[in-house]
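Undergrad: Please find one structure pasted underneath; my questions will follow.
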Amino acid sequence: MKPIKFEKIRDILDIKNIDKTFCIRGWVYRTRSSGSIVFSVIRDSTGILQVTIKKGNLPEDEFSSAQKTLIESSVEIEGILKEDKRAPGGYELKVTGYKVINYAEPFPIVKDQSPEFLLDQRHLWIRSQRLTAILKIRSTIVGAIHKFFRERGYYEFDAPILQPNQCEGGSTLFEVKYYDSKTFLSQSWQLYAEAAIFALEKVYNMGPTFRAERSKTSRHLSEFWMAEMEAAWIDLEGLTEIAKEEVRYILNSVSKENTSELEILGRDREKLKSIADKDFPTITYTKAIEILNKKENLNVEWGKDLRTIEENALMQHFDTPVIVTNYPLEIMAFYKPPDPKDPKTALCFDMIATEGYGEIIGGSQRSLDVQYMKKRLLDSGENVENYQWYFDLRKYGSVPHSGYGLGVERVVSWICGIDNIKDSIPFPRTMLRFKP
Ligand code: 4AD
Ligand code: MG
């Protein structure tokens with residue numbers, strides 16, 4: 001086989017140049033041989049293509065190497081494009097040249113294996129069609145988030161991952177040995193972003209976030225990616241508008257760029273698009289409790305956080321994500337301020353996704369009252385000395401400001417229709433798993 005230009009499978013299937021010779025390279029996705037003919041399907045990062053290798057159409061030694069190639073071997077193939085209604089995509093290559101780059105050993109992953117086995121084999125399983133589709137959509141989502149904020153004049157701002165403070169409660173901190181002392185892995189970028197707004201006004205970031213979650217749910221990871229924003233001069237209402245716009249922007253990007261991936265995942269593209277076209281309602285926590293107790297016949301006490309079952313019951317009443325504001329102050333983090341119009345509640349919100357995917361965004365206006373925040377921290381057993389630097393931010397030109405964090409894996413799970421959040425990240429870390 002002469003070294004010619006290699007085409008991507010999707011380009012071949014898009015252009016459909018019948019009877020033309022093409023070269024492709026990739027991995028054997030399926031293969032079966034019967035006597036003088038081998039039928040294989042080859043995959044590359046863009047798609048799959050059937051190849052038919054017939055004795056006599058290519059050199060004898062190349063034919064016999066095709067006969068003994070197992071799935072996941074890497075190969076370079078030359079062939080002539082033909083129409084074949086039975087082939088995936090409707091086309092196949094009639095092979096005239098076949099070169100094996102690496103003969104794969106028998107692949108450990110076969111049909112119907114347990115989820116735990118597949119997680120042990122994650123380094124191999126990420127090449128599956130399903131995970132490849134999810135990873136492509138994840139890449140679109142990450143790209144869309146960067147684009148969304150940059151188009152609106154936000155600066156990307158980086159905070160340390162090793163942090164001396166908690167942001168979202170001490171119980172989920174990961175402690176790290178730091179020379180002869182100790183520190184923690186970041187629970188949120190927020191406190192540092194609050195320092196940045198005095199220089200940059202509008203900042204965003206997407207980075208690894210760590211929570212020692214003791215719960216084994218389908219929504220919690222110990223290491224996840226959070227896309228956060230923080231902006232000066234913005235109140236709760238302005239904040240929720242940005243959040244809605246961001247989620248619609250993400251939905252539009254995926255429905256534009258990932259048609260074939262959504263199809264592989266069996267996800268209805270039109271449905272995603274129609275959500276993006278609608279306005280998302282905003283209700284208060286108190287109203288949500290009313291819906292749950294009156295329309296769902298639940299008995300939820302005012303003051304309790306909404307659990308998965310309550311969020312799911314609430315979402316029976318909506319076909320778009322919903323913004324829930326004004327959660328009870330007492331169960332909120334120390335930096336969320338009371339609403340002057342309803343001081344039992346905080347100037348905060350969660351965005352809850354449709355179809356039982358739960359909270360995808362959490363955010364708030366930020367308290368400007370140092371005494372209030374000190375008290376909240378003391379009440380939860382924190383050493384307020386460690387927050388002196390944060391309180392300084394309220395002393396030198398303090399301004400109203402707000403921000404939120406979007407859980408990247410929660411959004412990937414929702415958009416892809418994934419049952420368990422573990423499949424929304426390449427190598428999941430949970431309470432029970434930190435390998436491979
Ligand atoms: O609601 P959270 O805890 O908010 C914060 O951390 C704020 N400091 C953000 C901010 O205002 N800058 O987390 C934000 C989002 C949640 O809505 C959820 O989508 C996701 O992060 N999240 C998780 N995702 C996966 N696994 C976990 N254990 C998660 N914990 C939170
Ligand atoms: Mg939250």
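Starting from 1 in every chain, residues are counted up; chains themselves are A, B, ... following the order of the structure tokens, and ligands are numbered from 1 as listed.
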How would you write, as a ChimeraX atom specification, the set of residues no farther than 9 Å from ligand 1 when counting only C-alpha atoms and all ligand atoms?

TA: /A:167-169,172,187-191,193,209-213,215,219-230,333,348-352,358-366,402-411,421,430

Undergrad: Residues of the last selection are to be written out with C-alpha atoms, as a CSV table (one decimal), in the first residue's frame.

TA:
chain,number,residue,atom,x,y,z
A,167,CYS,CA,-17.0,27.2,51.1
A,168,GLU,CA,-19.8,24.7,51.1
A,169,GLY,CA,-19.6,23.2,54.6
A,172,THR,CA,-17.4,17.3,52.6
A,187,GLN,CA,-14.9,22.8,47.1
A,188,SER,CA,-15.5,25.9,45.0
A,189,TRP,CA,-13.7,28.6,43.2
A,190,GLN,CA,-16.1,31.2,44.5
A,191,LEU,CA,-14.3,32.8,47.5
A,193,ALA,CA,-13.5,34.9,42.5
A,209,THR,CA,-13.9,20.5,42.3
A,210,PHE,CA,-13.8,18.0,45.2
A,211,ARG,CA,-16.4,16.9,47.7
A,212,ALA,CA,-16.1,14.0,50.1
A,213,GLU,CA,-19.7,13.1,49.5
A,215,SER,CA,-23.8,9.5,49.7
A,219,ARG,CA,-25.9,12.4,41.0
A,220,HIS,CA,-22.8,12.7,43.2
A,221,LEU,CA,-19.1,12.5,42.3
A,222,SER,CA,-16.2,13.1,44.7
A,223,GLU,CA,-14.3,14.9,41.9
A,224,PHE,CA,-16.3,16.9,39.4
A,225,TRP,CA,-16.0,19.9,37.2
A,226,MET,CA,-17.8,23.1,38.1
A,227,ALA,CA,-18.3,26.0,35.8
A,228,GLU,CA,-18.6,29.1,38.0
A,229,MET,CA,-19.2,32.8,37.4
A,230,GLU,CA,-19.0,35.8,39.6
A,333,ALA,CA,-24.0,28.4,53.2
A,348,CYS,CA,-30.2,32.4,46.4
A,349,PHE,CA,-31.3,30.0,43.7
A,350,ASP,CA,-31.0,26.5,42.4
A,351,MET,CA,-31.8,25.6,38.8
A,352,ILE,CA,-33.5,22.2,38.7
A,358,GLY,CA,-32.1,17.5,39.8
A,359,GLU,CA,-30.1,20.5,40.7
A,360,ILE,CA,-27.7,21.6,37.9
A,361,ILE,CA,-26.9,25.1,39.1
A,362,GLY,CA,-26.6,26.7,42.6
A,363,GLY,CA,-25.9,30.4,43.2
A,364,SER,CA,-26.6,33.5,45.2
A,365,GLN,CA,-26.1,37.1,45.9
A,366,ARG,CA,-23.2,37.4,48.3
A,402,SER,CA,-23.4,37.6,42.8
A,403,GLY,CA,-22.3,34.3,41.3
A,404,TYR,CA,-23.2,30.7,40.6
A,405,GLY,CA,-21.8,27.3,39.8
A,406,LEU,CA,-23.0,24.9,37.2
A,407,GLY,CA,-22.2,21.2,37.7
A,408,VAL,CA,-20.7,20.1,34.3
A,409,GLU,CA,-21.4,16.4,34.9
A,410,ARG,CA,-25.0,17.1,36.0
A,411,VAL,CA,-25.6,19.0,32.7
A,421,ILE,CA,-23.5,10.5,36.6
A,430,THR,CA,-16.8,8.3,43.9

Undergrad: As number ranges by chain, list the residues of segment 187-263 of chain A assigned to alpha helix (DSSP H) by DSSP on the backbone atoms of this structure.

TA: A: 190-200, 236-257, 259-263

Undergrad: Show me, as a ChimeraX atom specification, the residues that have an atom within 10 Å of Leu393 of chain A when counting only C-alpha atoms, minus same-chain residues fewer than 5 positions from it.

TA: /A:191,194-198,368,370,388,398-399

Undergrad: List every residue of segment 154-350 of chain A that DSSP, applied to the backbone of this structure, assigns to strand (DSSP E), and report them as a PyMOL selection string.

TA: chain A and resi 155-156+162-163+175-178+181-185+202-210+223-232+282-284+322-325+338-339+342-346+348-350

Undergrad: Using C-alpha atoms, can you write the selected residues to a file as a PDB file, in the first residue's frame?

TA:
ATOM      1  CA  TYR A 155     -12.353  37.049  32.038  1.00  0.00           C
ATOM      2  CA  GLU A 156     -11.204  33.514  32.770  1.00  0.00           C
ATOM      3  CA  LEU A 162      -5.346  23.801  47.506  1.00  0.00           C
ATOM      4  CA  GLN A 163      -7.391  26.022  49.802  1.00  0.00           C
ATOM      5  CA  GLU A 175      -7.971  17.031  53.632  1.00  0.00           C
ATOM      6  CA  VAL A 176      -4.516  17.032  52.062  1.00  0.00           C
ATOM      7  CA  LYS A 177      -1.169  16.767  53.833  1.00  0.00           C
ATOM      8  CA  TYR A 178       0.716  19.953  53.014  1.00  0.00           C
ATOM      9  CA  SER A 181       0.708  21.164  57.840  1.00  0.00           C
ATOM     10  CA  LYS A 182      -2.664  20.401  56.198  1.00  0.00           C
ATOM     11  CA  THR A 183      -4.923  22.045  53.672  1.00  0.00           C
ATOM     12  CA  PHE A 184      -7.993  21.111  51.597  1.00  0.00           C
ATOM     13  CA  LEU A 185      -8.916  20.426  47.987  1.00  0.00           C
ATOM     14  CA  LYS A 202     -16.874  39.758  35.517  1.00  0.00           C
ATOM     15  CA  VAL A 203     -15.029  36.435  35.877  1.00  0.00           C
ATOM     16  CA  TYR A 204     -15.659  32.784  35.143  1.00  0.00           C
ATOM     17  CA  ASN A 205     -13.838  29.490  35.397  1.00  0.00           C
ATOM     18  CA  MET A 206     -14.272  25.799  34.862  1.00  0.00           C
ATOM     19  CA  GLY A 207     -12.215  23.544  37.046  1.00  0.00           C
ATOM     20  CA  PRO A 208     -11.967  20.380  39.097  1.00  0.00           C
ATOM     21  CA  THR A 209     -13.922  20.496  42.333  1.00  0.00           C
ATOM     22  CA  PHE A 210     -13.753  18.038  45.201  1.00  0.00           C
ATOM     23  CA  GLU A 223     -14.324  14.866  41.883  1.00  0.00           C
ATOM     24  CA  PHE A 224     -16.349  16.853  39.385  1.00  0.00           C
ATOM     25  CA  TRP A 225     -16.012  19.916  37.177  1.00  0.00           C
ATOM     26  CA  MET A 226     -17.790  23.073  38.102  1.00  0.00           C
ATOM     27  CA  ALA A 227     -18.276  26.020  35.768  1.00  0.00           C
ATOM     28  CA  GLU A 228     -18.598  29.100  37.956  1.00  0.00           C
ATOM     29  CA  MET A 229     -19.158  32.796  37.355  1.00  0.00           C
ATOM     30  CA  GLU A 230     -18.972  35.808  39.631  1.00  0.00           C
ATOM     31  CA  ALA A 231     -19.843  39.397  38.737  1.00  0.00           C
ATOM     32  CA  ALA A 232     -19.906  42.773  40.413  1.00  0.00           C
ATOM     33  CA  THR A 282     -38.828  31.171  38.471  1.00  0.00           C
ATOM     34  CA  ILE A 283     -40.614  30.190  41.675  1.00  0.00           C
ATOM     35  CA  THR A 284     -39.738  30.560  45.344  1.00  0.00           C
ATOM     36  CA  VAL A 322     -37.024  25.708  36.873  1.00  0.00           C
ATOM     37  CA  ILE A 323     -35.306  28.342  38.989  1.00  0.00           C
ATOM     38  CA  VAL A 324     -36.139  27.977  42.676  1.00  0.00           C
ATOM     39  CA  THR A 325     -35.177  31.008  44.766  1.00  0.00           C
ATOM     40  CA  PRO A 338     -31.023  37.093  54.058  1.00  0.00           C
ATOM     41  CA  ASP A 339     -33.600  38.593  51.701  1.00  0.00           C
ATOM     42  CA  ASP A 342     -38.355  37.848  53.601  1.00  0.00           C
ATOM     43  CA  PRO A 343     -35.465  37.478  56.050  1.00  0.00           C
ATOM     44  CA  LYS A 344     -36.104  33.807  56.892  1.00  0.00           C
ATOM     45  CA  THR A 345     -34.978  33.115  53.340  1.00  0.00           C
ATOM     46  CA  ALA A 346     -31.742  33.738  51.421  1.00  0.00           C
ATOM     47  CA  CYS A 348     -30.153  32.431  46.446  1.00  0.00           C
ATOM     48  CA  PHE A 349     -31.340  30.031  43.747  1.00  0.00           C
ATOM     49  CA  ASP A 350     -30.986  26.541  42.378  1.00  0.00           C
TER      50      ASP A 350
END

Undergrad: Residues near Ile145 of chain A, anyone? I mean within 8 Å using only C-alpha atoms, not counting same-chain ones fewer than 3 positions away, as an NGL selection string.

TA: :A and (141-142 or 148-149 or 227 or 246 or 250)

Undergrad: Write a file of the just-selected residues containing N, CA, C and O atoms, as a JSON list (two decimals), in the first residue's frame.

TA:
[["chain", "number", "residue", "atom", "x", "y", "z"],
["A", 141, "ILE", "N", -20.17, 20.92, 25.30],
["A", 141, "ILE", "CA", -20.69, 21.68, 26.45],
["A", 141, "ILE", "C", -19.59, 22.55, 27.06],
["A", 141, "ILE", "O", -19.79, 23.74, 27.32],
["A", 142, "VAL", "N", -18.42, 21.97, 27.26],
["A", 142, "VAL", "CA", -17.30, 22.72, 27.85],
["A", 142, "VAL", "C", -16.93, 23.89, 26.94],
["A", 142, "VAL", "O", -16.75, 25.03, 27.39],
["A", 148, "PHE", "N", -19.64, 31.16, 25.79],
["A", 148, "PHE", "CA", -20.73, 31.97, 26.36],
["A", 148, "PHE", "C", -20.16, 33.12, 27.20],
["A", 148, "PHE", "O", -20.54, 34.28, 27.02],
["A", 149, "PHE", "N", -19.26, 32.79, 28.11],
["A", 149, "PHE", "CA", -18.76, 33.85, 29.00],
["A", 149, "PHE", "C", -17.82, 34.81, 28.29],
["A", 149, "PHE", "O", -17.86, 36.02, 28.51],
["A", 227, "ALA", "N", -18.45, 24.80, 36.56],
["A", 227, "ALA", "CA", -18.28, 26.02, 35.77],
["A", 227, "ALA", "C", -18.92, 27.14, 36.57],
["A", 227, "ALA", "O", -20.13, 27.14, 36.77],
["A", 246, "GLU", "N", -27.34, 30.90, 29.82],
["A", 246, "GLU", "CA", -26.22, 29.98, 29.65],
["A", 246, "GLU", "C", -26.73, 28.57, 29.31],
["A", 246, "GLU", "O", -26.22, 27.92, 28.40],
["A", 250, "ILE", "N", -26.07, 26.39, 25.91],
["A", 250, "ILE", "CA", -25.48, 25.04, 25.89],
["A", 250, "ILE", "C", -26.38, 24.09, 25.09],
["A", 250, "ILE", "O", -25.91, 23.32, 24.23]]

Undergrad: Would you list the contacts of segment 265-276 of chain A as a ChimeraX atom specification, taking every protein, DNA or RNA residue within 12 Å and counting only C-alpha atoms, but skipping same-chain residues closer than 2 positions in sequence?

TA: /A:128-137,244-263,278-281,318-322,353-355,413-419

Undergrad: Write out as an mmCIF file with C-alpha atoms, in the first residue's frame each polymer residue whose atoms come within 9 Å of Ser45 of chain A, counting only C-alpha atoms; drop sequence neighbours fewer than 6 positions from it.

TA:
data_model
loop_
_atom_site.group_PDB
_atom_site.id
_atom_site.type_symbol
_atom_site.label_atom_id
_atom_site.label_comp_id
_atom_site.auth_asym_id
_atom_site.auth_seq_id
_atom_site.Cartn_x
_atom_site.Cartn_y
_atom_site.Cartn_z
ATOM 1 C CA LYS A 8 -11.696 10.545 8.031
ATOM 2 C CA ILE A 9 -14.621 8.143 7.846
ATOM 3 C CA ARG A 10 -17.207 10.881 8.282
ATOM 4 C CA GLY A 26 -8.462 3.274 12.710
ATOM 5 C CA THR A 132 -17.313 8.307 22.652
#

Undergrad: Can you tell me how far atom CA of Tyr103 of chain A sits from atom CA of Glu76 of chain A, in Å to one decimal?

TA: 12.0 Å

Undergrad: As a list in words, please: the residues near Lys422 of chain A (cut-off 8 Å, only C-alpha atoms, same-chain neighbours under 3 positions excluded).

TA: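 Listing them by chain and then by number gives Ser218, Leu221, Ile425, Phe427, Pro428 and Arg429 of chain A.
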
Undergrad: Between A:Glu241, A:Glu330, A:Glu296, A:Glu83, which is the closest to Met315 of chain A once you count only C-alpha atoms?

TA: A:Glu296
